[in-house]
>>> print(open('coords-v8.cif').read())   # mmCIF, N, CA and C atoms
data_final
#
loop_
_atom_site.label_atom_id
_atom_site.label_comp_id
_atom_site.auth_asym_id
_atom_site.auth_seq_id
_atom_site.Cartn_x
_atom_site.Cartn_y
_atom_site.Cartn_z
N MET X 1 0.84 -1.17 0.00
CA MET X 1 0.00 0.00 0.00
C MET X 1 0.89 1.24 0.00
N MET X 2 0.51 2.22 -0.77
CA MET X 2 1.29 3.45 -0.89
C MET X 2 0.58 4.57 -0.14
N GLY X 3 1.34 5.39 0.52
CA GLY X 3 0.79 6.53 1.25
C GLY X 3 0.75 7.77 0.39
N ARG X 4 0.30 8.87 0.94
CA ARG X 4 0.20 10.13 0.20
C ARG X 4 1.55 10.61 -0.29
N SER X 5 2.57 10.35 0.48
CA SER X 5 3.89 10.83 0.11
C SER X 5 4.55 9.94 -0.93
N GLY X 6 3.88 8.87 -1.31
CA GLY X 6 4.44 7.96 -2.29
C GLY X 6 5.22 6.83 -1.66
N GLY X 7 5.50 6.92 -0.38
CA GLY X 7 6.24 5.87 0.31
C GLY X 7 5.29 4.81 0.85
N ALA X 8 5.85 3.71 1.21
CA ALA X 8 5.03 2.62 1.77
C ALA X 8 4.46 3.05 3.12
N CYS X 9 3.21 2.73 3.35
CA CYS X 9 2.56 3.05 4.63
C CYS X 9 3.04 2.08 5.69
N ARG X 10 3.33 2.61 6.82
CA ARG X 10 3.69 1.78 7.96
C ARG X 10 2.53 1.79 8.94
N ARG X 11 2.32 0.65 9.54
CA ARG X 11 1.27 0.57 10.55
C ARG X 11 1.71 1.39 11.75
N ARG X 12 0.85 2.27 12.21
CA ARG X 12 1.17 3.10 13.37
C ARG X 12 1.10 2.29 14.64
N GLN X 13 2.04 2.55 15.50
CA GLN X 13 1.98 1.94 16.82
C GLN X 13 1.12 2.82 17.71
N ALA X 14 0.26 2.18 18.47
CA ALA X 14 -0.60 2.93 19.38
C ALA X 14 0.26 3.54 20.49
N LEU X 15 0.05 4.81 20.75
CA LEU X 15 0.77 5.47 21.84
C LEU X 15 0.02 5.23 23.14
N ARG X 16 0.76 4.90 24.17
CA ARG X 16 0.15 4.67 25.47
C ARG X 16 0.45 5.86 26.36
N THR X 17 -0.57 6.29 27.08
CA THR X 17 -0.37 7.37 28.04
C THR X 17 -0.37 6.85 29.47
N ALA X 18 -0.68 5.58 29.62
CA ALA X 18 -0.70 4.99 30.96
C ALA X 18 -0.15 3.56 30.86
N PRO X 19 0.45 3.09 31.93
CA PRO X 19 0.97 1.72 31.90
C PRO X 19 -0.15 0.70 31.87
N LEU X 20 0.14 -0.48 31.39
CA LEU X 20 -0.82 -1.57 31.41
C LEU X 20 -1.03 -2.04 32.85
N GLN X 21 -2.19 -2.65 33.09
CA GLN X 21 -2.48 -3.13 34.45
C GLN X 21 -1.41 -4.09 34.94
N SER X 22 -0.91 -4.93 34.03
CA SER X 22 0.11 -5.89 34.44
C SER X 22 1.40 -5.20 34.89
N GLU X 23 1.65 -3.99 34.36
CA GLU X 23 2.84 -3.24 34.78
C GLU X 23 2.65 -2.61 36.14
N LEU X 24 1.41 -2.38 36.54
CA LEU X 24 1.13 -1.75 37.82
C LEU X 24 1.08 -2.75 38.97
N THR X 25 0.84 -4.02 38.65
CA THR X 25 0.73 -5.02 39.69
C THR X 25 2.06 -5.14 40.41
N ARG X 26 2.00 -4.92 41.67
CA ARG X 26 3.22 -4.91 42.47
C ARG X 26 2.94 -5.64 43.76
N ARG X 27 3.81 -6.51 44.15
CA ARG X 27 3.62 -7.31 45.35
C ARG X 27 4.60 -6.89 46.44
N PHE X 28 4.20 -7.10 47.68
CA PHE X 28 5.08 -6.80 48.81
C PHE X 28 4.80 -7.84 49.90
N ARG X 29 5.70 -7.88 50.84
CA ARG X 29 5.58 -8.81 51.96
C ARG X 29 5.61 -8.01 53.26
N VAL X 30 4.74 -8.40 54.20
CA VAL X 30 4.75 -7.80 55.54
C VAL X 30 5.91 -8.43 56.30
N ILE X 31 6.80 -7.58 56.81
CA ILE X 31 8.01 -8.10 57.48
C ILE X 31 8.09 -7.76 58.97
N HIS X 32 7.13 -6.99 59.48
CA HIS X 32 7.17 -6.65 60.91
C HIS X 32 7.01 -7.93 61.72
N PRO X 33 7.97 -8.25 62.62
CA PRO X 33 7.95 -9.55 63.30
C PRO X 33 6.74 -9.79 64.20
N PHE X 34 6.10 -8.71 64.70
CA PHE X 34 4.98 -8.89 65.60
C PHE X 34 3.62 -8.65 64.94
N HIS X 35 3.61 -8.36 63.65
CA HIS X 35 2.34 -8.14 62.94
C HIS X 35 1.71 -9.49 62.62
N PRO X 36 0.40 -9.63 62.82
CA PRO X 36 -0.25 -10.93 62.55
C PRO X 36 -0.14 -11.38 61.08
N LEU X 37 0.09 -10.47 60.17
CA LEU X 37 0.22 -10.82 58.76
C LEU X 37 1.68 -10.99 58.32
N CYS X 38 2.57 -11.06 59.30
CA CYS X 38 3.99 -11.19 59.00
C CYS X 38 4.24 -12.38 58.07
N SER X 39 5.04 -12.15 57.05
CA SER X 39 5.45 -13.11 56.01
C SER X 39 4.37 -13.36 54.95
N HIS X 40 3.20 -12.73 55.08
CA HIS X 40 2.19 -12.83 54.02
C HIS X 40 2.53 -11.84 52.91
N GLU X 41 2.16 -12.21 51.69
CA GLU X 41 2.44 -11.37 50.52
C GLU X 41 1.13 -10.87 49.93
N TYR X 42 1.11 -9.59 49.51
CA TYR X 42 -0.09 -8.96 48.97
C TYR X 42 0.25 -8.09 47.77
N GLU X 43 -0.79 -7.72 47.02
CA GLU X 43 -0.62 -6.78 45.92
C GLU X 43 -0.91 -5.37 46.41
N VAL X 44 -0.11 -4.42 45.97
CA VAL X 44 -0.30 -3.02 46.35
C VAL X 44 -1.58 -2.50 45.73
N LEU X 45 -2.44 -1.92 46.54
CA LEU X 45 -3.63 -1.25 46.04
C LEU X 45 -3.29 0.22 45.78
N GLU X 46 -2.68 0.87 46.75
CA GLU X 46 -2.24 2.26 46.59
C GLU X 46 -1.27 2.62 47.71
N PHE X 47 -0.56 3.71 47.48
CA PHE X 47 0.29 4.28 48.52
C PHE X 47 -0.41 5.51 49.05
N ARG X 48 -0.27 5.75 50.35
CA ARG X 48 -0.88 6.91 51.00
C ARG X 48 0.17 7.58 51.88
N ARG X 49 -0.07 8.86 52.12
CA ARG X 49 0.79 9.59 53.06
C ARG X 49 -0.14 10.31 54.04
N ASP X 50 -0.09 9.89 55.29
CA ASP X 50 -0.91 10.49 56.34
C ASP X 50 -0.03 10.84 57.53
N TRP X 51 -0.22 12.03 58.06
CA TRP X 51 0.50 12.47 59.24
C TRP X 51 2.01 12.32 59.09
N GLY X 52 2.50 12.57 57.88
CA GLY X 52 3.93 12.55 57.64
C GLY X 52 4.54 11.16 57.48
N ARG X 53 3.71 10.14 57.45
CA ARG X 53 4.22 8.76 57.28
C ARG X 53 3.64 8.15 56.02
N ASP X 54 4.41 7.26 55.39
CA ASP X 54 3.97 6.57 54.19
C ASP X 54 3.32 5.25 54.56
N TYR X 55 2.19 4.97 53.89
CA TYR X 55 1.45 3.74 54.12
C TYR X 55 1.20 3.04 52.79
N VAL X 56 0.97 1.75 52.85
CA VAL X 56 0.57 0.98 51.68
C VAL X 56 -0.79 0.36 51.99
N ALA X 57 -1.69 0.43 51.00
CA ALA X 57 -3.02 -0.17 51.16
C ALA X 57 -3.10 -1.40 50.28
N PHE X 58 -3.84 -2.40 50.76
CA PHE X 58 -3.98 -3.66 50.03
C PHE X 58 -5.26 -4.36 50.48
N TYR X 59 -5.68 -5.35 49.69
CA TYR X 59 -6.83 -6.18 50.06
C TYR X 59 -6.32 -7.40 50.82
N ASP X 60 -6.93 -7.67 51.98
CA ASP X 60 -6.53 -8.87 52.71
C ASP X 60 -7.33 -10.07 52.18
N GLU X 61 -7.22 -11.21 52.86
CA GLU X 61 -7.88 -12.43 52.40
C GLU X 61 -9.40 -12.33 52.40
N THR X 62 -9.95 -11.43 53.23
CA THR X 62 -11.41 -11.26 53.29
C THR X 62 -11.89 -10.12 52.39
N GLU X 63 -10.99 -9.63 51.51
CA GLU X 63 -11.29 -8.55 50.55
C GLU X 63 -11.55 -7.21 51.23
N ARG X 64 -11.06 -7.03 52.45
CA ARG X 64 -11.12 -5.73 53.11
C ARG X 64 -9.87 -4.95 52.76
N VAL X 65 -10.01 -3.62 52.69
CA VAL X 65 -8.84 -2.77 52.45
C VAL X 65 -8.12 -2.58 53.77
N VAL X 66 -6.84 -2.91 53.78
CA VAL X 66 -6.01 -2.79 54.98
C VAL X 66 -4.88 -1.81 54.64
N THR X 67 -4.53 -0.95 55.57
CA THR X 67 -3.44 0.00 55.40
C THR X 67 -2.44 -0.19 56.52
N ILE X 68 -1.17 -0.34 56.14
CA ILE X 68 -0.12 -0.49 57.15
C ILE X 68 1.06 0.41 56.75
N PRO X 69 1.89 0.80 57.71
CA PRO X 69 3.06 1.62 57.38
C PRO X 69 4.02 0.87 56.45
N ILE X 70 4.58 1.60 55.52
CA ILE X 70 5.54 1.00 54.59
C ILE X 70 6.73 0.44 55.36
N ALA X 71 7.06 1.04 56.49
CA ALA X 71 8.20 0.56 57.28
C ALA X 71 8.00 -0.87 57.75
N TRP X 72 6.77 -1.36 57.77
CA TRP X 72 6.49 -2.72 58.20
C TRP X 72 6.52 -3.70 57.03
N THR X 73 6.91 -3.24 55.85
CA THR X 73 6.92 -4.09 54.66
C THR X 73 8.32 -4.13 54.04
N ASP X 74 8.47 -4.99 53.06
CA ASP X 74 9.74 -5.04 52.35
C ASP X 74 9.84 -3.94 51.30
N LEU X 75 8.84 -3.04 51.25
CA LEU X 75 8.88 -1.89 50.33
C LEU X 75 9.72 -0.75 50.90
N GLU X 76 9.95 -0.75 52.20
CA GLU X 76 10.72 0.33 52.81
C GLU X 76 12.12 0.36 52.20
N GLY X 77 12.60 1.54 51.93
CA GLY X 77 13.92 1.69 51.36
C GLY X 77 13.93 1.68 49.85
N GLU X 78 12.76 1.49 49.24
CA GLU X 78 12.68 1.50 47.79
C GLU X 78 12.51 2.91 47.25
N GLY X 79 12.37 3.88 48.11
CA GLY X 79 12.27 5.25 47.65
C GLY X 79 10.85 5.76 47.63
N ASP X 80 10.68 6.86 46.93
CA ASP X 80 9.40 7.54 46.80
C ASP X 80 8.38 6.61 46.14
N PRO X 81 7.19 6.41 46.75
CA PRO X 81 6.19 5.52 46.16
C PRO X 81 5.80 5.92 44.73
N PHE X 82 5.75 7.22 44.44
CA PHE X 82 5.42 7.65 43.08
C PHE X 82 6.45 7.14 42.09
N VAL X 83 7.72 7.28 42.43
CA VAL X 83 8.79 6.81 41.54
C VAL X 83 8.74 5.30 41.40
N VAL X 84 8.46 4.60 42.49
CA VAL X 84 8.39 3.14 42.43
C VAL X 84 7.27 2.70 41.51
N LEU X 85 6.06 3.26 41.68
CA LEU X 85 4.93 2.85 40.85
C LEU X 85 5.06 3.29 39.41
N SER X 86 5.69 4.42 39.16
CA SER X 86 5.82 4.91 37.79
C SER X 86 6.90 4.17 37.03
N GLY X 87 7.66 3.33 37.71
CA GLY X 87 8.71 2.58 37.04
C GLY X 87 9.79 3.48 36.48
N CYS X 88 10.00 4.63 37.12
CA CYS X 88 11.00 5.61 36.69
C CYS X 88 10.72 6.15 35.30
N ARG X 89 9.46 6.14 34.88
CA ARG X 89 9.12 6.66 33.56
C ARG X 89 8.73 8.13 33.60
N ALA X 90 8.51 8.67 34.78
CA ALA X 90 8.12 10.07 34.90
C ALA X 90 9.35 10.89 35.29
N TYR X 91 9.53 12.00 34.61
CA TYR X 91 10.68 12.85 34.90
C TYR X 91 10.44 13.75 36.11
N PHE X 92 9.16 14.10 36.35
CA PHE X 92 8.84 15.00 37.45
C PHE X 92 7.68 14.43 38.24
N ARG X 93 7.72 14.65 39.56
CA ARG X 93 6.61 14.25 40.41
C ARG X 93 5.54 15.33 40.34
N PRO X 94 4.26 14.95 40.48
CA PRO X 94 3.19 15.95 40.42
C PRO X 94 3.37 17.07 41.44
N VAL X 95 3.82 16.77 42.65
CA VAL X 95 4.00 17.80 43.67
C VAL X 95 5.05 18.82 43.22
N ASP X 96 6.10 18.34 42.54
CA ASP X 96 7.14 19.26 42.06
C ASP X 96 6.62 20.13 40.92
N LEU X 97 5.79 19.57 40.05
CA LEU X 97 5.22 20.35 38.95
C LEU X 97 4.26 21.42 39.48
N LEU X 98 3.50 21.08 40.51
CA LEU X 98 2.59 22.07 41.10
C LEU X 98 3.37 23.19 41.76
N ALA X 99 4.47 22.86 42.42
CA ALA X 99 5.32 23.89 43.03
C ALA X 99 5.93 24.80 41.96
N LEU X 100 6.34 24.21 40.84
CA LEU X 100 6.87 25.01 39.74
C LEU X 100 5.80 25.93 39.17
N ALA X 101 4.59 25.43 39.00
CA ALA X 101 3.49 26.26 38.49
C ALA X 101 3.22 27.44 39.42
N ASP X 102 3.25 27.19 40.73
CA ASP X 102 3.05 28.27 41.71
C ASP X 102 4.18 29.30 41.61
N LEU X 103 5.41 28.84 41.44
CA LEU X 103 6.55 29.74 41.32
C LEU X 103 6.43 30.61 40.07
N ILE X 104 6.07 30.00 38.96
CA ILE X 104 5.90 30.76 37.71
C ILE X 104 4.78 31.77 37.85
N GLU X 105 3.67 31.35 38.44
CA GLU X 105 2.53 32.25 38.61
C GLU X 105 2.88 33.43 39.51
N SER X 106 3.67 33.20 40.55
CA SER X 106 4.01 34.29 41.47
C SER X 106 5.01 35.26 40.84
N ASP X 107 5.73 34.84 39.82
CA ASP X 107 6.73 35.68 39.17
C ASP X 107 6.13 36.50 38.02
N ARG X 108 4.91 36.16 37.60
CA ARG X 108 4.25 36.88 36.51
C ARG X 108 3.80 38.25 36.96
N PRO X 109 4.03 39.28 36.14
CA PRO X 109 3.53 40.61 36.52
C PRO X 109 2.02 40.66 36.38
N SER X 110 1.40 41.41 37.25
CA SER X 110 -0.05 41.57 37.20
C SER X 110 -0.42 42.47 36.03
N VAL X 111 -1.66 42.38 35.57
CA VAL X 111 -2.13 43.21 34.47
C VAL X 111 -2.13 44.66 34.93
N GLY X 112 -1.54 45.53 34.14
CA GLY X 112 -1.53 46.95 34.44
C GLY X 112 -0.38 47.40 35.32
N VAL X 113 0.47 46.53 35.74
CA VAL X 113 1.59 46.90 36.60
C VAL X 113 2.59 47.69 35.77
N GLY X 114 3.08 48.78 36.31
CA GLY X 114 4.09 49.58 35.61
C GLY X 114 3.50 50.68 34.75
N LYS X 115 2.18 50.77 34.66
CA LYS X 115 1.55 51.83 33.86
C LYS X 115 0.98 52.88 34.81
N ALA X 116 1.26 54.13 34.52
CA ALA X 116 0.72 55.23 35.33
C ALA X 116 -0.75 55.44 34.98
N GLU X 117 -1.52 55.80 35.98
CA GLU X 117 -2.95 56.02 35.75
C GLU X 117 -3.13 57.27 34.89
N GLY X 118 -4.04 57.16 33.94
CA GLY X 118 -4.39 58.31 33.11
C GLY X 118 -3.42 58.53 31.94
N VAL X 119 -2.37 57.80 31.85
CA VAL X 119 -1.39 57.95 30.76
C VAL X 119 -1.79 57.04 29.62
N THR X 120 -1.90 57.59 28.44
CA THR X 120 -2.25 56.79 27.27
C THR X 120 -1.07 56.68 26.34
N SER X 121 -1.04 55.66 25.59
CA SER X 121 0.05 55.41 24.67
C SER X 121 -0.29 56.03 23.31
N ASN X 122 0.69 56.64 22.66
CA ASN X 122 0.49 57.23 21.33
C ASN X 122 1.00 56.28 20.25
N VAL X 123 0.49 55.11 20.22
CA VAL X 123 0.95 54.14 19.22
C VAL X 123 0.03 54.09 18.06
#
>>> encode(input="coords-v8.cif", output="structure tokens")
Amino acid sequence: MMGRSGGACRRRQALRTAPLQSELTRRFRVIHPFHPLCSHEYEVLEFRRDWGRDYVAFYDETERVVTIPIAWTDLEGEGDPFVVLSGCRAYFRPVDLLALADLIESDRPSVGVGKAEGVTSNV
């Protein structure tokens, strides 16, 4: 098949904007020696940050959502949960981009700044 440019048409690869579900599936093990779920393995449902501490949420055997501190799992020491889940595919964290947007917005001059009242331009 020939394309408009006269060259052979190539099948386009679909662009993905999000990882596949299989890429997001991540397992961890509870390692706290006194936790009743110690040595059990679960799939990560989500990461949370409450009161300055990082937590991991998961479904237990009864399909209830359980949240425990990351320090009680083998996920501790793996770094920022966003970076871990993104598979290092994101260059910037959302919190950093929001801070940059705030910085840019605060540096922008307001409308009408620097113009004297009642002065008109002869352009």
>>> atom_distance(input="coords-v8.cif", atom1="CA of Arg49 in chain X", atom2="CA of Ile104 in chain X")
26.6 Å
>>> resolve_selection(input="coords-v8.cif", expression="the PyMOL selection byres ((chain X and resi 68) around 6.5)", output="PDB file with N, CA and C atoms, keeping the file's coordinate frame")
ATOM      1  N   ASP X  54       4.410   7.260  55.390  1.00  0.00           N
ATOM      2  CA  ASP X  54       3.970   6.570  54.190  1.00  0.00           C
ATOM      3  C   ASP X  54       3.320   5.250  54.560  1.00  0.00           C
ATOM      4  N   TYR X  55       2.190   4.970  53.890  1.00  0.00           N
ATOM      5  CA  TYR X  55       1.450   3.740  54.120  1.00  0.00           C
ATOM      6  C   TYR X  55       1.200   3.040  52.790  1.00  0.00           C
ATOM      7  N   VAL X  56       0.970   1.750  52.850  1.00  0.00           N
ATOM      8  CA  VAL X  56       0.570   0.980  51.680  1.00  0.00           C
ATOM      9  C   VAL X  56      -0.790   0.360  51.990  1.00  0.00           C
ATOM     10  N   ALA X  57      -1.690   0.430  51.000  1.00  0.00           N
ATOM     11  CA  ALA X  57      -3.020  -0.170  51.160  1.00  0.00           C
ATOM     12  C   ALA X  57      -3.100  -1.400  50.280  1.00  0.00           C
ATOM     13  N   PHE X  58      -3.840  -2.400  50.760  1.00  0.00           N
ATOM     14  CA  PHE X  58      -3.980  -3.660  50.030  1.00  0.00           C
ATOM     15  C   PHE X  58      -5.260  -4.360  50.480  1.00  0.00           C
ATOM     16  N   VAL X  66      -6.840  -2.910  53.780  1.00  0.00           N
ATOM     17  CA  VAL X  66      -6.010  -2.790  54.980  1.00  0.00           C
ATOM     18  C   VAL X  66      -4.880  -1.810  54.640  1.00  0.00           C
ATOM     19  N   THR X  67      -4.530  -0.950  55.570  1.00  0.00           N
ATOM     20  CA  THR X  67      -3.440   0.000  55.400  1.00  0.00           C
ATOM     21  C   THR X  67      -2.440  -0.190  56.520  1.00  0.00           C
ATOM     22  N   PRO X  69       1.890   0.800  57.710  1.00  0.00           N
ATOM     23  CA  PRO X  69       3.060   1.620  57.380  1.00  0.00           C
ATOM     24  C   PRO X  69       4.020   0.870  56.450  1.00  0.00           C
ATOM     25  N   ILE X  70       4.580   1.600  55.520  1.00  0.00           N
ATOM     26  CA  ILE X  70       5.540   1.000  54.590  1.00  0.00           C
ATOM     27  C   ILE X  70       6.730   0.440  55.360  1.00  0.00           C
ATOM     28  N   ALA X  71       7.060   1.040  56.490  1.00  0.00           N
ATOM     29  CA  ALA X  71       8.200   0.560  57.280  1.00  0.00           C
ATOM     30  C   ALA X  71       8.000  -0.870  57.750  1.00  0.00           C
ATOM     31  N   TRP X  72       6.770  -1.360  57.770  1.00  0.00           N
ATOM     32  CA  TRP X  72       6.490  -2.720  58.200  1.00  0.00           C
ATOM     33  C   TRP X  72       6.520  -3.700  57.030  1.00  0.00           C
TER      34      TRP X  72
END
>>> atom_distance(input="coords-v8.cif", atom1="CA of Glu43 in chain X", atom2="CA of Tyr91 in chain X")
25.2 Å
>>> atom_distance(input="coords-v8.cif", atom1="CA of Val44 in chain X", atom2="CA of His32 in chain X")
16.8 Å
>>> select_by_dssp(input="coords-v8.cif", residues="range 30-81 of chain X", states="strand (DSSP E or B)", output="MDAnalysis selection string")
chainID X and resid 30 41:43 46:50 53:59 65:69 73
>>> resolve_selection(input="coords-v8.cif", expression="the PyMOL selection byres (((chain X and resi 74 and name CA) around 9) and name CA)", output="list in words")
Phe28, Arg29, Val30, Ile31, Ile70, Ala71, Trp72, Thr73, Leu75, Glu76, Gly77 and Glu78 of chain X
>>> axis_aligned_box(input="coords-v8.cif", around="range 55-70 of chain X", padding_each_side="8 Å", output="AutoDock Vina command-line options")
--center_x -2.6 --center_y -3.7 --center_z 53.7 --size_x 34.6 --size_y 33.4 --size_z 24.0
>>> closest_residue(input="coords-v8.cif", among="X:Pro94, X:Ala99, X:Pro109, X:Tyr59", to="Leu45 in chain X", atoms="all atoms listed in the file")
X:Tyr59
>>> closest_residue(input="coords-v8.cif", among="X:Leu97, X:Ser106, X:Asp60, X:Arg26", to="Glu46 in chain X", atoms="only C-alpha atoms")
X:Arg26
